[in-house]
$ cat structure.cif   # mmCIF, C-alpha atoms
data_input
loop_
_atom_site.group_PDB
_atom_site.id
_atom_site.type_symbol
_atom_site.label_atom_id
_atom_site.label_comp_id
_atom_site.auth_asym_id
_atom_site.auth_seq_id
_atom_site.Cartn_x
_atom_site.Cartn_y
_atom_site.Cartn_z
ATOM 1 C CA MET F 1 113.455 61.083 -113.265
ATOM 2 C CA ARG F 2 111.268 60.402 -110.221
ATOM 3 C CA VAL F 3 110.648 56.718 -109.510
ATOM 4 C CA ASN F 4 107.082 55.808 -108.648
ATOM 5 C CA GLY F 5 107.238 53.788 -105.416
ATOM 6 C CA LYS F 6 103.908 52.044 -106.021
ATOM 7 C CA LEU F 7 105.008 50.993 -109.491
ATOM 8 C CA VAL F 8 108.263 49.553 -108.138
ATOM 9 C CA ALA F 9 106.371 47.694 -105.409
ATOM 10 C CA ALA F 10 103.929 46.267 -107.946
ATOM 11 C CA PHE F 11 106.822 44.677 -109.838
ATOM 12 C CA ALA F 12 109.002 43.830 -106.838
ATOM 13 C CA VAL F 13 106.447 42.010 -104.653
ATOM 14 C CA PRO F 14 105.658 39.208 -107.159
ATOM 15 C CA PHE F 15 109.361 38.795 -107.923
ATOM 16 C CA VAL F 16 110.331 38.537 -104.244
ATOM 17 C CA THR F 17 107.403 36.177 -103.601
ATOM 18 C CA ALA F 18 108.529 33.927 -106.456
ATOM 19 C CA LEU F 19 112.067 33.855 -105.039
ATOM 20 C CA LEU F 20 110.766 32.901 -101.590
ATOM 21 C CA ILE F 21 108.612 30.079 -103.018
ATOM 22 C CA ALA F 22 111.526 28.831 -105.141
ATOM 23 C CA GLY F 23 113.727 28.828 -102.056
ATOM 24 C CA LEU F 24 111.134 26.869 -100.106
ATOM 25 C CA LEU F 25 110.725 24.291 -102.865
ATOM 26 C CA TYR F 26 114.473 23.928 -103.230
ATOM 27 C CA GLY F 27 114.936 23.585 -99.479
ATOM 28 C CA THR F 28 112.346 20.811 -99.311
ATOM 29 C CA HIS F 29 113.783 19.000 -102.358
ATOM 30 C CA HIS F 30 110.832 19.625 -104.679
ATOM 31 C CA THR F 31 113.127 20.781 -107.456
ATOM 32 C CA SER F 32 115.069 17.539 -107.498
ATOM 33 C CA LEU F 33 114.040 13.977 -108.231
ATOM 34 C CA PRO F 34 115.163 11.942 -105.217
ATOM 35 C CA SER F 35 115.881 8.272 -105.643
ATOM 36 C CA MET F 36 112.587 7.444 -103.940
ATOM 37 C CA ILE F 37 110.776 8.508 -107.081
ATOM 38 C CA ALA F 38 112.276 5.699 -109.164
ATOM 39 C CA PRO F 39 110.551 2.307 -109.139
ATOM 40 C CA PRO F 40 112.022 -0.043 -106.530
ATOM 41 C CA ASP F 41 115.310 -1.594 -107.588
ATOM 42 C CA VAL F 42 115.397 -3.944 -104.590
ATOM 43 C CA ARG F 43 114.516 -7.360 -105.930
ATOM 44 C CA PRO F 44 111.796 -9.393 -104.218
ATOM 45 C CA VAL F 45 112.789 -12.440 -102.208
ATOM 46 C CA ASN F 46 110.732 -14.910 -104.243
ATOM 47 C CA THR F 47 110.902 -13.873 -107.878
ATOM 48 C CA SER F 48 109.011 -16.998 -108.909
ATOM 49 C CA LYS F 49 105.967 -15.776 -106.977
ATOM 50 C CA LEU F 50 105.718 -12.273 -108.407
ATOM 51 C CA ILE F 51 102.126 -11.312 -108.976
ATOM 52 C CA LYS F 52 100.834 -11.670 -112.517
ATOM 53 C CA ALA F 53 98.216 -8.966 -112.940
ATOM 54 C CA SER F 54 97.796 -9.231 -116.711
ATOM 55 C CA ARG F 55 94.202 -10.389 -116.487
ATOM 56 C CA CYS F 56 93.343 -7.424 -114.266
ATOM 57 C CA LYS F 57 95.110 -4.950 -116.515
ATOM 58 C CA SER F 58 93.008 -6.138 -119.442
ATOM 59 C CA GLU F 59 89.922 -4.935 -117.562
ATOM 60 C CA LEU F 60 91.248 -1.387 -117.358
ATOM 61 C CA LYS F 61 90.324 0.314 -120.593
ATOM 62 C CA LYS F 62 92.357 3.283 -121.824
ATOM 63 C CA PRO F 63 91.949 6.177 -121.705
ATOM 64 C CA PHE F 64 90.086 6.143 -118.395
ATOM 65 C CA THR F 65 88.668 8.552 -115.846
ATOM 66 C CA GLY F 66 89.054 8.176 -112.099
ATOM 67 C CA VAL F 67 87.837 9.959 -109.008
ATOM 68 C CA ALA F 68 89.240 10.090 -105.447
ATOM 69 C CA VAL F 69 86.711 10.079 -102.621
ATOM 70 C CA THR F 70 86.812 10.025 -98.835
ATOM 71 C CA LYS F 71 83.922 7.557 -98.749
ATOM 72 C CA VAL F 72 82.747 5.416 -101.649
ATOM 73 C CA SER F 73 79.074 6.175 -102.271
ATOM 74 C CA SER F 74 76.954 5.903 -105.364
ATOM 75 C CA THR F 75 75.768 9.509 -104.922
ATOM 76 C CA THR F 76 79.274 10.985 -104.937
ATOM 77 C CA VAL F 77 80.492 8.999 -107.930
ATOM 78 C CA GLN F 78 77.299 9.498 -109.919
ATOM 79 C CA GLU F 79 77.489 13.260 -109.306
ATOM 80 C CA PHE F 80 81.074 13.160 -110.592
ATOM 81 C CA ASN F 81 80.004 11.200 -113.678
ATOM 82 C CA ALA F 82 77.208 13.675 -114.387
ATOM 83 C CA ALA F 83 79.430 16.728 -113.902
ATOM 84 C CA THR F 84 82.201 15.405 -116.149
ATOM 85 C CA HIS F 85 79.974 13.629 -118.685
ATOM 86 C CA SER F 86 82.084 10.501 -118.220
ATOM 87 C CA GLN F 87 82.102 7.151 -116.478
ATOM 88 C CA ALA F 88 84.626 6.774 -113.672
ATOM 89 C CA SER F 89 86.597 3.592 -114.352
ATOM 90 C CA ILE F 90 88.572 3.894 -111.117
ATOM 91 C CA VAL F 91 87.335 4.942 -107.682
ATOM 92 C CA GLU F 92 90.124 5.801 -105.256
ATOM 93 C CA PHE F 93 89.913 5.852 -101.471
ATOM 94 C CA TYR F 94 92.315 5.679 -98.527
ATOM 95 C CA SER F 95 92.873 3.085 -95.799
ATOM 96 C CA PRO F 96 95.269 2.717 -92.851
ATOM 97 C CA PHE F 97 97.742 -0.121 -93.335
ATOM 98 C CA PRO F 98 98.170 -2.741 -92.052
ATOM 99 C CA GLY F 99 94.501 -2.755 -91.137
ATOM 100 C CA GLN F 100 91.177 -4.133 -92.276
ATOM 101 C CA PHE F 101 90.492 -4.477 -95.993
ATOM 102 C CA ASN F 102 87.629 -2.085 -96.751
ATOM 103 C CA VAL F 103 85.573 -4.684 -98.565
ATOM 104 C CA GLY F 104 82.461 -2.481 -98.391
ATOM 105 C CA GLY F 105 84.172 0.377 -100.220
ATOM 106 C CA ALA F 106 85.620 -2.059 -102.759
ATOM 107 C CA TRP F 107 82.188 -3.588 -103.430
ATOM 108 C CA ASN F 108 80.659 -0.131 -103.842
ATOM 109 C CA ALA F 109 83.279 0.696 -106.474
ATOM 110 C CA VAL F 110 82.684 -2.556 -108.357
ATOM 111 C CA ASN F 111 78.925 -2.013 -108.250
ATOM 112 C CA LEU F 112 79.556 1.375 -109.881
ATOM 113 C CA ASN F 113 81.394 -0.405 -112.732
ATOM 114 C CA ALA F 114 84.756 0.835 -111.475
ATOM 115 C CA ILE F 115 87.941 -0.748 -110.194
ATOM 116 C CA PRO F 116 88.756 0.196 -106.594
ATOM 117 C CA LEU F 117 92.117 1.913 -106.098
ATOM 118 C CA ILE F 118 93.100 1.793 -102.434
ATOM 119 C CA GLN F 119 95.806 4.070 -101.095
ATOM 120 C CA LEU F 120 97.425 2.091 -98.276
ATOM 121 C CA ASN F 121 98.635 4.581 -95.660
ATOM 122 C CA PRO F 122 101.301 2.903 -93.493
ATOM 123 C CA GLY F 123 100.976 4.381 -90.013
ATOM 124 C CA LYS F 124 100.172 7.956 -91.009
ATOM 125 C CA LEU F 125 101.409 9.344 -87.675
ATOM 126 C CA ASN F 126 103.987 6.658 -86.926
ATOM 127 C CA LYS F 127 107.428 7.255 -88.415
ATOM 128 C CA TYR F 128 108.454 3.708 -87.407
ATOM 129 C CA ALA F 129 105.681 2.014 -89.410
ATOM 130 C CA ILE F 130 107.792 1.695 -92.570
ATOM 131 C CA ARG F 131 110.682 0.182 -90.625
ATOM 132 C CA ASN F 132 108.351 -2.341 -89.001
ATOM 133 C CA ILE F 133 106.948 -3.348 -92.387
ATOM 134 C CA ALA F 134 110.423 -3.533 -93.948
ATOM 135 C CA SER F 135 111.705 -5.747 -91.116
ATOM 136 C CA GLY F 136 108.792 -8.191 -91.335
ATOM 137 C CA ARG F 137 107.238 -7.353 -87.964
ATOM 138 C CA ASP F 138 103.835 -6.766 -89.561
ATOM 139 C CA ASP F 139 103.879 -9.739 -91.943
ATOM 140 C CA VAL F 140 101.014 -11.560 -90.189
ATOM 141 C CA ARG F 141 98.678 -8.589 -90.511
ATOM 142 C CA ILE F 142 99.788 -7.890 -94.076
ATOM 143 C CA ARG F 143 99.082 -11.494 -95.097
ATOM 144 C CA ALA F 144 95.652 -11.299 -93.487
ATOM 145 C CA TYR F 145 94.947 -8.192 -95.595
ATOM 146 C CA ALA F 146 96.254 -9.979 -98.683
ATOM 147 C CA GLU F 147 94.008 -12.980 -98.019
ATOM 148 C CA ALA F 148 90.994 -10.667 -97.741
ATOM 149 C CA VAL F 149 91.871 -9.033 -101.072
ATOM 150 C CA LYS F 150 92.315 -12.461 -102.653
ATOM 151 C CA ASP F 151 88.907 -13.604 -101.350
ATOM 152 C CA PHE F 152 87.350 -10.465 -102.864
ATOM 153 C CA LYS F 153 88.204 -12.005 -106.263
ATOM 154 C CA TYR F 154 87.629 -8.812 -108.257
ATOM 155 C CA CYS F 155 90.560 -6.709 -109.447
ATOM 156 C CA VAL F 156 91.923 -4.200 -106.973
ATOM 157 C CA ILE F 157 94.575 -1.522 -107.533
ATOM 158 C CA LEU F 158 96.807 -1.009 -104.503
ATOM 159 C CA SER F 159 99.160 1.891 -103.871
ATOM 160 C CA PHE F 160 101.434 1.570 -100.834
ATOM 161 C CA GLY F 161 102.755 4.777 -99.257
ATOM 162 C CA HIS F 162 101.817 7.290 -101.947
ATOM 163 C CA GLU F 163 103.884 10.495 -102.342
ATOM 164 C CA MET F 164 106.801 8.818 -100.578
ATOM 165 C CA ASN F 165 109.236 11.339 -102.042
ATOM 166 C CA GLY F 166 107.631 14.160 -100.042
ATOM 167 C CA TRP F 167 108.111 15.204 -96.424
ATOM 168 C CA TRP F 168 104.416 15.628 -95.516
ATOM 169 C CA TYR F 169 103.864 11.928 -94.626
ATOM 170 C CA HIS F 170 105.836 9.986 -92.044
ATOM 171 C CA TRP F 171 106.513 7.210 -94.542
ATOM 172 C CA GLY F 172 108.412 9.674 -96.761
ATOM 173 C CA MET F 173 111.644 11.599 -96.450
ATOM 174 C CA PRO F 174 113.351 12.576 -94.227
ATOM 175 C CA TRP F 175 111.572 10.271 -91.801
ATOM 176 C CA ASN F 176 112.603 7.176 -93.764
ATOM 177 C CA SER F 177 115.343 6.501 -96.290
ATOM 178 C CA PRO F 178 114.571 5.434 -99.875
ATOM 179 C CA ALA F 179 116.227 2.049 -99.191
ATOM 180 C CA THR F 180 113.987 1.384 -96.176
ATOM 181 C CA PHE F 181 110.865 2.375 -98.082
ATOM 182 C CA LYS F 182 111.770 0.123 -101.009
ATOM 183 C CA ARG F 183 112.354 -2.843 -98.684
ATOM 184 C CA ALA F 184 108.943 -2.226 -97.135
ATOM 185 C CA TRP F 185 107.300 -1.930 -100.564
ATOM 186 C CA TRP F 186 108.765 -5.195 -101.777
ATOM 187 C CA ASN F 187 107.935 -6.972 -98.532
ATOM 188 C CA VAL F 188 104.290 -5.986 -98.918
ATOM 189 C CA CYS F 189 104.306 -7.273 -102.515
ATOM 190 C CA ASN F 190 105.931 -10.522 -101.404
ATOM 191 C CA GLN F 191 103.265 -11.148 -98.763
ATOM 192 C CA PHE F 192 100.556 -10.813 -101.421
ATOM 193 C CA ALA F 193 102.490 -13.079 -103.761
ATOM 194 C CA ALA F 194 102.897 -15.678 -101.011
ATOM 195 C CA VAL F 195 99.121 -16.111 -100.715
ATOM 196 C CA HIS F 196 98.694 -15.946 -104.534
ATOM 197 C CA ALA F 197 96.592 -12.777 -104.472
ATOM 198 C CA ASP F 198 96.871 -12.323 -108.234
ATOM 199 C CA ASN F 199 93.890 -9.983 -108.543
ATOM 200 C CA VAL F 200 96.076 -6.966 -107.683
ATOM 201 C CA ILE F 201 97.519 -4.209 -109.854
ATOM 202 C CA TRP F 202 100.308 -2.385 -108.014
ATOM 203 C CA SER F 203 100.431 1.379 -108.450
ATOM 204 C CA TRP F 204 103.665 3.325 -107.784
ATOM 205 C CA ASP F 205 102.597 6.850 -106.820
ATOM 206 C CA PRO F 206 105.345 9.411 -106.132
#

$ encode --input "structure.cif" --output "structure tokens"
Amino acid sequence: MRVNGKLVAAFAVPFVTALLIAGLLYGTHHTSLPSMIAPPDVRPVNTSKLIKASRCKSELKKPFTGVAVTKVSSTTVQEFNAATHSQASIVEFYSPFPGQFNVGGAWNAVNLNAIPLIQLNPGKLNKYAIRNIASGRDDVRIRAYAEAVKDFKYCVILSFGHEMNGWWYHWGMPWNSPATFKRAWWNVCNQFAAVHADNVIWSWDP
């Protein structure tokens, strides 16, 4: 029986491609659940000052719809609401950290009847940023950010170092260990707790 080469290729190419992708995912640890994905098990320094966000959580109705934007504008969010026939309860945007609290973006979200979710990017191109935050070198700037969030008074959702279990950001692996990242995460939380910024919901985003 003569084997049709084109037929064999049609079956072989997808199979080989799938094997190559599986090998890539395995090699970059996407098929495993590294310890970074678990919530931090490093206890905060001042347990008595842990943030109580219960009053903020009560404002977040479930189920909810959210949208991520590069710049918070009424046009973008309203177009999203119209296209999805829903009301975005959360508007997500990104900010370098430590840095300036984007109070303008936060106000725009609130004025659109949404809670701002800010992805805090710790030194996107600096692999030492997490170590500096974990060691306390950036505490002054972090507290200044926390004070600004506190003065905002409205509820804010903060996510520090999202997708930390991936390799595509310098705050993730293999640039930083899970233990170092967790110390940094808890130090950031402690700085907010120290200034009593209790209008924060913390989001853990692997």

$ resolve_selection --input "structure.cif" --expression "the PyMOL selection byres ((chain F and resi 111) around 12)" --output "ChimeraX atom specification"
/F:72-74,77-78,88-91,104-110,112-116,154

$ closest_residue --input "structure.cif" --among "F:Gln191, F:Asn102, F:Asn81, F:Asn199" --to "Gly66 (chain F)" --atoms "all atoms listed in the file"
F:Asn81

$ resolve_selection --input "structure.cif" --expression "the PyMOL selection byres ((chain F and resi 160) around 12)" --output "ChimeraX atom specification"
/F:94-98,117-124,130,133,142,157-159,161-164,171-172,181-189,201-206

$ closest_residue --input "structure.cif" --among "F:Val156, F:Pro63, F:Ala134, F:Phe192" --to "Phe93 (chain F)" --atoms "only C-alpha atoms"
F:Val156

$ atom_distance --input "structure.cif" --atom1 "CA of Pro178 (chain F)" --atom2 "CA of Gly136 (chain F)"
17.1 Å

$ closest_residue --input "structure.cif" --among "F:Asp139, F:Pro174, F:Ala179, F:Asn165" --to "Ala194 (chain F)" --atoms "all atoms listed in the file"
F:Asp139

$ residues_around --input "structure.cif" --residues "Tyr128 (chain F)" --least-positions-apart "6" --cutoff "9 Å" --atoms "only C-alpha atoms" --output "number ranges by chain"
F: 170-171, 175-176

$ atom_distance --input "structure.cif" --atom1 "CA of Gln87 (chain F)" --atom2 "CA of Ala197 (chain F)"
27.4 Å

$ atom_distance --input "structure.cif" --atom1 "CA of Thr84 (chain F)" --atom2 "CA of Val200 (chain F)"
27.7 Å

$ closest_residue --input "structure.cif" --among "F:Gly99, F:Cys56, F:Glu79, F:His85" --to "Tyr145 (chain F)" --atoms "all atoms listed in the file"
F:Gly99

$ closest_residue --input "structure.cif" --among "F:Asn190, F:Lys150, F:Met173, F:Thr180" --to "Val103 (chain F)" --atoms "only C-alpha atoms"
F:Lys150

$ axis_aligned_box --input "structure.cif" --around "region 83-97 of chain F" --padding-each-side "4 Å" --output "JSON"
{"center_x": 88.6, "center_y": 8.3, "center_z": -105.8, "size_x": 26.3, "size_y": 24.8, "size_z": 33.8}

$ closest_residue --input "structure.cif" --among "F:Ala144, F:Lys127, F:Thr76, F:Asp138" --to "Trp167 (chain F)" --atoms "only C-alpha atoms"
F:Lys127

$ decode --input "structure.cif" --residues "region 54-181 of chain F" --atoms "C-alpha atoms" --output "short mmCIF file (atom, residue, chain, number, x, y, z; two decimals), in the first residue's frame"
data_model
loop_
_atom_site.label_atom_id
_atom_site.label_comp_id
_atom_site.auth_asym_id
_atom_site.auth_seq_id
_atom_site.Cartn_x
_atom_site.Cartn_y
_atom_site.Cartn_z
CA SER F 54 -14.27 44.12 55.23
CA ARG F 55 -16.01 47.42 54.63
CA CYS F 56 -14.44 47.66 51.17
CA LYS F 57 -15.32 44.09 50.29
CA SER F 58 -18.96 44.81 51.06
CA GLU F 59 -18.93 47.38 48.24
CA LEU F 60 -17.90 44.78 45.68
CA LYS F 61 -21.06 43.08 44.52
CA LYS F 62 -20.91 39.56 43.09
CA PRO F 63 -20.89 38.50 40.37
CA PHE F 64 -19.06 41.46 38.85
CA THR F 65 -17.53 42.53 35.56
CA GLY F 66 -14.16 44.22 35.22
CA VAL F 67 -12.09 45.71 32.44
CA ALA F 68 -8.32 46.32 32.14
CA VAL F 69 -7.24 49.52 30.42
CA THR F 70 -3.97 51.28 29.66
CA LYS F 71 -5.52 54.64 30.54
CA VAL F 72 -8.70 55.16 32.54
CA SER F 73 -11.12 57.18 30.41
CA SER F 74 -14.87 57.39 30.42
CA THR F 75 -14.96 56.70 26.66
CA THR F 76 -13.07 53.41 26.90
CA VAL F 77 -15.06 52.07 29.83
CA GLN F 78 -18.41 53.21 28.45
CA GLU F 79 -17.62 51.53 25.12
CA PHE F 80 -16.84 48.34 27.05
CA ASN F 81 -20.11 48.61 28.99
CA ALA F 82 -22.07 49.11 25.77
CA ALA F 83 -20.36 46.23 23.97
CA THR F 84 -20.87 43.77 26.83
CA HIS F 85 -24.27 45.06 27.97
CA SER F 86 -22.91 45.26 31.52
CA GLN F 87 -21.57 47.72 34.06
CA ALA F 88 -17.88 47.39 34.86
CA SER F 89 -17.56 47.18 38.64
CA ILE F 90 -13.76 47.13 38.52
CA VAL F 91 -11.45 49.16 36.30
CA GLU F 92 -7.88 47.86 36.23
CA PHE F 93 -4.77 49.79 35.24
CA TYR F 94 -1.02 49.52 35.78
CA SER F 95 1.48 51.68 37.68
CA PRO F 96 5.23 51.51 38.39
CA PHE F 97 5.99 50.86 42.05
CA PRO F 98 7.18 52.43 44.23
CA GLY F 99 6.04 55.56 42.44
CA GLN F 100 3.27 58.12 42.44
CA PHE F 101 -0.27 57.02 43.28
CA ASN F 102 -2.31 57.58 40.11
CA VAL F 103 -5.04 59.49 41.88
CA GLY F 104 -6.43 60.77 38.57
CA GLY F 105 -6.96 57.26 37.23
CA ALA F 106 -8.47 56.18 40.55
CA TRP F 107 -10.91 59.11 40.54
CA ASN F 108 -11.91 58.35 36.95
CA ALA F 109 -12.73 54.77 37.96
CA VAL F 110 -14.79 55.90 40.96
CA ASN F 111 -16.65 58.43 38.82
CA LEU F 112 -17.55 55.54 36.51
CA ASN F 113 -19.09 53.71 39.50
CA ALA F 114 -16.21 51.24 39.60
CA ILE F 115 -13.52 50.30 42.09
CA PRO F 116 -9.99 50.95 40.81
CA LEU F 117 -7.73 47.89 40.67
CA ILE F 118 -4.10 48.98 40.39
CA GLN F 119 -1.44 46.53 39.28
CA LEU F 120 1.72 47.65 41.08
CA ASN F 121 4.69 46.80 38.86
CA PRO F 122 7.85 46.70 41.00
CA GLY F 123 10.71 47.88 38.79
CA LYS F 124 9.60 46.25 35.55
CA LEU F 125 13.14 46.25 34.13
CA ASN F 126 15.01 46.03 37.43
CA LYS F 127 15.58 42.52 38.74
CA TYR F 128 16.81 43.98 42.06
CA ALA F 129 13.58 45.88 42.77
CA ILE F 130 11.99 42.98 44.68
CA ARG F 131 15.09 42.54 46.82
CA ASN F 132 15.14 46.25 47.64
CA ILE F 133 11.48 46.15 48.66
CA ALA F 134 11.96 42.95 50.69
CA SER F 135 14.94 44.45 52.55
CA GLY F 136 13.12 47.67 53.45
CA ARG F 137 15.21 50.00 51.29
CA ASP F 138 12.10 51.44 49.65
CA ASP F 139 9.96 51.72 52.80
CA VAL F 140 9.87 55.54 52.74
CA ARG F 141 8.50 55.65 49.21
CA ILE F 142 6.08 52.80 49.88
CA ARG F 143 4.69 54.59 52.94
CA ALA F 144 4.26 57.77 50.91
CA TYR F 145 2.24 55.76 48.37
CA ALA F 146 0.22 54.21 51.19
CA GLU F 147 -0.53 57.63 52.67
CA ALA F 148 -1.77 58.84 49.28
CA VAL F 149 -4.07 55.81 48.98
CA LYS F 150 -5.33 56.41 52.52
CA ASP F 151 -6.06 60.08 51.74
CA PHE F 152 -8.02 58.96 48.66
CA LYS F 153 -10.54 57.47 51.13
CA TYR F 154 -12.39 55.38 48.55
CA CYS F 155 -11.77 51.65 48.26
CA VAL F 156 -8.84 50.60 46.11
CA ILE F 157 -7.81 47.09 45.06
CA LEU F 158 -4.04 46.65 44.91
CA SER F 159 -2.14 43.82 43.27
CA PHE F 160 1.62 43.76 43.86
CA GLY F 161 3.80 41.98 41.29
CA HIS F 162 1.13 40.15 39.29
CA GLU F 163 2.02 36.89 37.48
CA MET F 164 4.98 36.42 39.82
CA ASN F 165 5.12 32.71 39.01
CA GLY F 166 6.10 33.46 35.41
CA TRP F 167 9.48 34.32 33.90
CA TRP F 168 8.33 37.25 31.72
CA TYR F 169 8.64 39.88 34.50
CA HIS F 170 11.78 40.62 36.48
CA TRP F 171 9.89 40.29 39.75
CA GLY F 172 9.10 36.64 38.93
CA MET F 173 11.15 33.49 38.59
CA PRO F 174 13.98 32.82 37.99
CA TRP F 175 15.00 36.40 38.68
CA ASN F 176 13.74 36.22 42.26
CA SER F 177 13.00 33.34 44.61
CA PRO F 178 9.50 32.72 46.00
CA ALA F 179 10.80 33.49 49.53
CA THR F 180 12.16 36.89 48.45
CA PHE F 181 8.94 37.78 46.66
#
